[in-house]
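Structure file coords_31.cif (mmCIF, C-alpha atoms and all ligand atoms) follows.
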```cif
data_data
loop_
_atom_site.label_atom_id
_atom_site.label_comp_id
_atom_site.auth_asym_id
_atom_site.auth_seq_id
_atom_site.Cartn_x
_atom_site.Cartn_y
_atom_site.Cartn_z
CA MET A 1 138.78 59.64 57.31
CA ALA A 2 136.01 61.11 59.55
CA SER A 3 136.96 64.64 58.54
CA MET A 4 136.89 63.79 54.84
CA LEU A 5 133.75 65.83 54.11
CA THR A 6 135.30 68.99 55.56
CA GLN A 7 138.49 68.12 53.79
CA PHE A 8 136.95 67.74 50.33
CA ARG A 9 135.10 71.02 50.68
CA GLN A 10 138.28 72.77 51.80
CA LEU A 11 140.27 71.20 49.01
CA GLY A 12 137.67 72.56 46.62
CA ARG A 13 138.03 69.50 44.45
CA LYS A 14 135.94 68.92 41.37
CA ILE A 15 132.52 67.31 41.12
CA VAL A 16 132.21 64.98 38.13
CA ALA A 17 128.60 64.02 37.50
CA VAL A 18 127.25 61.17 35.42
CA GLY A 19 124.01 61.59 33.48
CA ARG A 20 121.41 58.96 32.51
CA ASN A 21 122.98 56.09 34.46
CA TYR A 22 119.56 54.51 35.13
CA ARG A 23 117.40 53.22 32.24
CA ALA A 24 114.09 54.21 33.86
CA HIS A 25 115.29 57.78 34.40
CA ALA A 26 116.50 58.10 30.81
CA ALA A 27 113.06 56.84 29.70
CA GLU A 28 111.04 59.18 31.93
CA LEU A 29 112.64 62.22 30.27
CA GLY A 30 112.42 60.68 26.79
CA ASN A 31 116.21 60.37 26.48
CA PRO A 32 118.06 57.46 24.83
CA VAL A 33 120.02 55.03 27.01
CA PRO A 34 123.69 56.03 26.64
CA LYS A 35 126.31 53.65 25.25
CA LYS A 36 129.09 55.49 27.14
CA PRO A 37 128.82 57.50 30.40
CA ILE A 38 127.63 61.09 29.89
CA LEU A 39 129.82 63.36 32.01
CA PHE A 40 129.45 66.95 33.18
CA LEU A 41 131.09 69.06 35.89
CA LYS A 42 129.52 71.00 38.75
CA PRO A 43 131.58 73.78 40.38
CA THR A 44 132.59 73.36 44.03
CA SER A 45 130.70 76.60 44.76
CA SER A 46 127.51 74.55 44.21
CA TYR A 47 128.04 72.52 47.44
CA ILE A 48 125.77 73.11 50.40
CA THR A 49 125.34 71.10 53.59
CA GLU A 50 122.37 70.68 55.95
CA GLY A 51 121.23 73.98 57.42
CA GLU A 52 121.83 75.82 54.15
CA LYS A 53 118.93 76.38 51.73
CA ILE A 54 118.46 75.39 48.11
CA ARG A 55 117.85 78.59 46.12
CA ILE A 56 115.83 78.53 42.92
CA PRO A 57 118.01 80.20 40.29
CA GLU A 58 116.89 83.46 38.72
CA GLU A 59 114.30 82.91 35.94
CA CYS A 60 114.14 79.15 36.52
CA SER A 61 110.56 77.85 36.32
CA SER A 62 111.25 74.13 36.79
CA LEU A 63 113.77 73.17 39.45
CA HIS A 64 114.05 69.36 39.71
CA HIS A 65 115.37 67.12 42.47
CA GLU A 66 117.73 64.22 41.58
CA VAL A 67 118.94 62.04 44.44
CA GLU A 68 122.31 60.37 43.82
CA LEU A 69 125.07 58.38 45.46
CA GLY A 70 128.34 60.34 45.52
CA ILE A 71 131.75 58.65 45.58
CA VAL A 72 134.53 60.51 47.43
CA ILE A 73 137.97 59.85 45.92
CA SER A 74 140.76 59.18 48.42
CA LYS A 75 143.94 59.55 46.32
CA ASN A 76 145.15 60.92 43.02
CA GLY A 77 145.09 58.71 39.96
CA CYS A 78 144.98 58.62 36.15
CA ARG A 79 143.97 55.72 33.91
CA ILE A 80 142.83 53.65 36.88
CA SER A 81 141.89 50.07 36.00
CA GLU A 82 138.47 48.70 36.96
CA GLN A 83 140.24 46.13 39.15
CA GLU A 84 142.06 48.90 41.08
CA ALA A 85 139.16 51.37 41.13
CA MET A 86 137.69 50.61 44.56
CA ASN A 87 141.12 51.32 46.14
CA TYR A 88 140.58 54.96 45.15
CA VAL A 89 137.27 55.25 47.05
CA GLY A 90 137.62 57.03 50.41
CA GLY A 91 133.91 56.97 51.21
CA TYR A 92 130.55 58.23 50.04
CA VAL A 93 128.06 61.09 50.30
CA LEU A 94 124.39 61.25 49.58
CA ALA A 95 123.89 64.12 47.13
CA LEU A 96 121.22 66.02 45.25
CA ASP A 97 122.01 66.98 41.67
CA MET A 98 119.55 69.90 41.65
CA THR A 99 118.72 70.68 38.03
CA ALA A 100 117.07 73.69 36.40
CA ARG A 101 115.17 71.46 33.98
CA ASP A 102 113.85 74.32 31.83
CA PHE A 103 117.42 75.63 31.38
CA GLN A 104 118.60 72.12 30.54
CA ASP A 105 115.81 71.54 27.99
CA GLU A 106 116.67 74.82 26.28
CA ALA A 107 120.41 74.02 26.30
CA LYS A 108 119.72 70.56 24.84
CA LYS A 109 117.63 72.06 22.01
CA LYS A 110 120.37 74.57 21.17
CA GLY A 111 123.24 72.09 21.60
CA GLN A 112 124.64 74.21 24.43
CA PRO A 113 126.39 73.00 27.63
CA TRP A 114 124.46 72.22 30.83
CA SER A 115 126.60 74.43 33.11
CA LEU A 116 123.83 76.84 34.10
CA ALA A 117 121.22 74.08 34.48
CA LYS A 118 123.45 71.96 36.73
CA GLY A 119 126.07 74.25 38.28
CA PHE A 120 124.24 77.19 39.85
CA ASP A 121 124.91 78.07 43.52
CA THR A 122 123.31 75.56 45.94
CA SER A 123 122.80 72.93 43.22
CA CYS A 124 124.81 70.28 45.07
CA PRO A 125 123.43 69.62 48.57
CA VAL A 126 125.42 66.84 50.28
CA SER A 127 125.09 64.75 53.44
CA ASN A 128 127.72 64.13 56.05
CA PHE A 129 130.59 61.99 54.85
CA ILE A 130 129.89 58.24 54.93
CA ASP A 131 132.87 56.10 55.79
CA LYS A 132 133.75 53.44 53.21
CA ASP A 133 133.24 50.62 55.74
CA THR A 134 129.76 51.86 56.67
CA LEU A 135 128.49 51.17 53.16
CA SER A 136 129.54 47.58 52.55
CA ASP A 137 127.84 47.21 49.16
CA PRO A 138 127.53 50.52 47.25
CA SER A 139 126.35 48.58 44.20
CA ASN A 140 123.14 47.55 45.94
CA VAL A 141 121.79 50.25 48.22
CA ARG A 142 118.42 51.99 48.30
CA LEU A 143 118.25 55.67 47.30
CA TRP A 144 115.07 57.48 48.28
CA LEU A 145 113.73 61.04 48.25
CA LYS A 146 110.58 62.66 49.65
CA VAL A 147 109.14 66.10 48.99
CA ASN A 148 106.97 67.40 51.85
CA ASN A 149 106.86 63.82 53.18
CA ALA A 150 105.57 62.28 49.92
CA ILE A 151 107.88 59.71 48.35
CA LYS A 152 109.06 60.75 44.87
CA GLN A 153 112.18 58.68 44.18
CA ASP A 154 112.79 55.15 45.43
CA GLY A 155 115.48 53.26 43.55
CA SER A 156 118.51 51.07 44.02
CA THR A 157 122.10 51.54 42.89
CA SER A 158 121.82 47.95 41.59
CA ASP A 159 120.00 49.48 38.59
CA MET A 160 122.96 51.58 37.47
CA ILE A 161 123.91 51.02 33.83
CA PHE A 162 127.62 51.70 34.46
CA SER A 163 129.10 50.30 37.70
CA ILE A 164 131.16 52.33 40.18
CA PRO A 165 134.50 50.66 39.18
CA TYR A 166 133.68 51.21 35.50
CA LEU A 167 132.85 54.90 36.10
CA ILE A 168 136.07 55.53 38.07
CA SER A 169 138.10 53.82 35.37
CA TYR A 170 136.30 55.62 32.51
CA ILE A 171 136.46 59.09 34.10
CA SER A 172 140.15 58.73 35.01
CA LYS A 173 141.05 58.16 31.35
CA TYR A 174 140.13 61.80 30.72
CA PHE A 175 140.25 63.64 34.06
CA LYS A 176 142.96 63.09 36.66
CA LEU A 177 141.05 62.08 39.78
CA GLU A 178 142.30 63.86 42.89
CA GLU A 179 141.85 63.31 46.61
CA GLY A 180 138.52 64.85 47.61
CA ASP A 181 136.92 64.75 44.15
CA VAL A 182 133.31 63.62 44.15
CA ILE A 183 131.65 61.53 41.46
CA LEU A 184 127.86 61.81 41.30
CA THR A 185 126.67 58.51 39.89
CA GLY A 186 123.30 59.50 38.35
CA THR A 187 119.74 59.47 39.53
CA PRO A 188 117.00 56.82 39.49
CA GLU A 189 113.54 57.61 38.13
CA GLY A 190 110.99 59.87 39.80
CA VAL A 191 112.67 63.25 39.31
CA GLY A 192 110.29 66.18 39.53
CA PRO A 193 109.80 69.84 40.36
CA VAL A 194 110.11 71.58 43.72
CA SER A 195 108.83 74.99 44.78
CA ASN A 196 109.57 77.65 47.35
CA GLY A 197 109.05 76.34 50.89
CA ASP A 198 109.22 72.65 49.94
CA VAL A 199 111.17 70.35 52.23
CA ILE A 200 113.27 67.69 50.52
CA GLU A 201 114.31 64.68 52.59
CA ALA A 202 116.57 62.04 51.07
CA GLY A 203 118.28 58.91 52.29
CA LEU A 204 120.64 56.09 51.51
CA GLY A 205 118.93 52.95 52.84
CA ASP A 206 118.79 53.47 56.57
CA ILE A 207 122.47 54.51 56.66
CA ILE A 208 121.99 58.25 56.38
CA SER A 209 119.31 60.83 55.63
CA MET A 210 119.34 64.59 55.12
CA LYS A 211 116.83 67.43 54.83
CA PHE A 212 116.95 70.64 52.78
CA THR A 213 114.44 73.45 52.36
CA VAL A 214 113.88 75.20 49.02
CA GLU A 215 113.77 78.96 49.24
C1 LIG B 1 118.99 64.29 32.39
C2 LIG B 1 119.92 64.58 33.48
O1 LIG B 1 119.80 65.63 34.11
C3 LIG B 1 121.02 63.65 33.71
C4 LIG B 1 121.40 63.45 35.13
O2 LIG B 1 121.91 64.33 35.79
C5 LIG B 1 121.16 62.14 35.75
O3 LIG B 1 121.40 62.01 36.94
O4 LIG B 1 120.71 61.21 35.06
MG MG B 2 121.97 63.85 37.91
#
```
Could you quickly redo this structure as structure tokens?
Ligand SMILES: CC(=O)CC(=O)C(=O)O
Ligand SMILES: [Mg+2]
Amino acid sequence: MASMLTQFRQLGRKIVAVGRNYRAHAAELGNPVPKKPILFLKPTSSYITEGEKIRIPEECSSLHHEVELGIVISKNGCRISEQEAMNYVGGYVLALDMTARDFQDEAKKKGQPWSLAKGFDTSCPVSNFIDKDTLSDPSNVRLWLKVNNAIKQDGSTSDMIFSIPYLISYISKYFKLEEGDVILTGTPEGVGPVSNGDVIEAGLGDIISMKFTVE
């Protein structure tokens, strides 16, 4: 299991991301609270790990940070029940769902997909793999993020609207989940812009932290 992070990158498995899974984040962007999970995909080419830089996409004028808990799937499954769901979790990663907010706002207005806003190269920085046993209660863990040492996001996964078992079950009704897939579970409030040269530091309680520079 220790090599799972390398493995999921090599497998090139999909990244399924959940939007608006925290009421306060939906409210801060003036979005309604969803009745069902909002899903979108990020390409595996968007992954970066520590040491690599976050690049502002061409013509983007508002690149936002979103800190999220990522679930790493350990085995293939379709139509997984909520009761069985946690048996499909191999571990976790701390992730940033970097978002070109101006692109997303424009896409929303025009009813277009979010692919460019969410899936550009370097839009999915991830931490080292976190073993399942290291995170005993993923439903109640602090998620925090600082920009240039100033705290911007400080939330808890206990505020998720849709639980981890529910998300795994819901997603697997539509997408076959495969070993190495990652589910990004949404961001708490406090999202905001970053600029060239900014240093983003994020953490999951005191279990893991990671640092990325914007360039
Ligand atoms: C408004 C969003 O970008 C949705 C999203 O990604 C989230 O984490 O919430
Ligand atoms: Mg997000």
TODO: Around the point (120.7, 53.4, 43.2), in the coordinates given by the file, pick out the residues reaching within 6 Å, counting all atoms listed in the file, and return them as an MDAnalysis selection string.
DONE: chainID A and resid 142:143 155:158
TODO: List all protein, DNA and RNA residues that have any atom at most 10 Å from ligand MG 2 (chain B), counting all atoms listed in the file, and write the list as a list of chain:residue names.
DONE: A:Ala17, A:Val18, A:Gly19, A:Arg20, A:Asn21, A:His25, A:Leu39, A:Phe40, A:His64, A:His65, A:Glu66, A:Val67, A:Glu68, A:Leu69, A:Ala95, A:Leu96, A:Asp97, A:Met98, A:Thr99, A:Lys118, A:Leu184, A:Thr185, A:Gly186, A:Thr187, A:Pro188, A:Val191
Task: All residues 10 Å or closer to Cys60 (chain A), only C-alpha atoms, same chain fewer than 4 positions away omitted, as a PyMOL selection string - done: chain A and resi 56+99-103+117
TODO: List every protein, DNA or RNA residue that has at least one atom no more than 12 Å from (126.7, 51.7, 48.8) in the file's coordinates, counting all atoms listed in the file, and write the result as number ranges by chain.
DONE: A: 68-72, 86, 89, 91-94, 130-143, 156-158, 160, 163-164, 185, 203-208
Task: One-decimal distance in Å that lies between CA of Leu5 (chain A) and CA of Pro165 (chain A) - done: 21.3 Å
Open item on the list: From the options A:Ala85, A:Leu145, A:Val126, A:Val16, which residue's atoms come nearest to ligand LIG 1 (chain B), counting all atoms listed in the file?
Closed with: A:Val16
Open item on the list: For a test of reading the model, state the distance in Å between CA of Lys14 (chain A) and CA of Ala26 (chain A), rounded to one decimal.
Closed with: 24.6 Å
Open item on the list: Nearest residue to ligand LIG 1 (chain B) out of A:Met210, A:Ile38, A:Leu11, A:Ala202, using only C-alpha atoms and all ligand atoms?
Closed with: A:Ile38
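You will find CA of Gly90 (chain A) at 29.3 Å from CA of Lys152 (chain A).
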Task: Given all atoms listed in the file as the counted atoms, nearest of A:Ile183, A:Val194, A:Val147, A:Ile168 to Asn87 (chain A) - done: A:Ile168
TODO: Select, from A:Ile15, A:Pro57, A:Lys35, A:Gln83, the residue with the minimum atom-to-atom distance to Glu215 (chain A), counting only C-alpha atoms.
DONE: A:Pro57
TODO: Do a neighbour search on Gln7 (chain A) at 12 Å with all atoms listed in the file, toss out local chain neighbours closer than 4 positions, and write the hits as an MDAnalysis selection string.
DONE: chainID A and resid 1:3 11:13 72:74 90 128:129 179:182
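For the set A:Asp121, A:Ser209, A:Phe175, A:Asp105, the residue with the smallest atom-to-atom gap to Glu52 (chain A) is A:Asp121, counting only C-alpha atoms.
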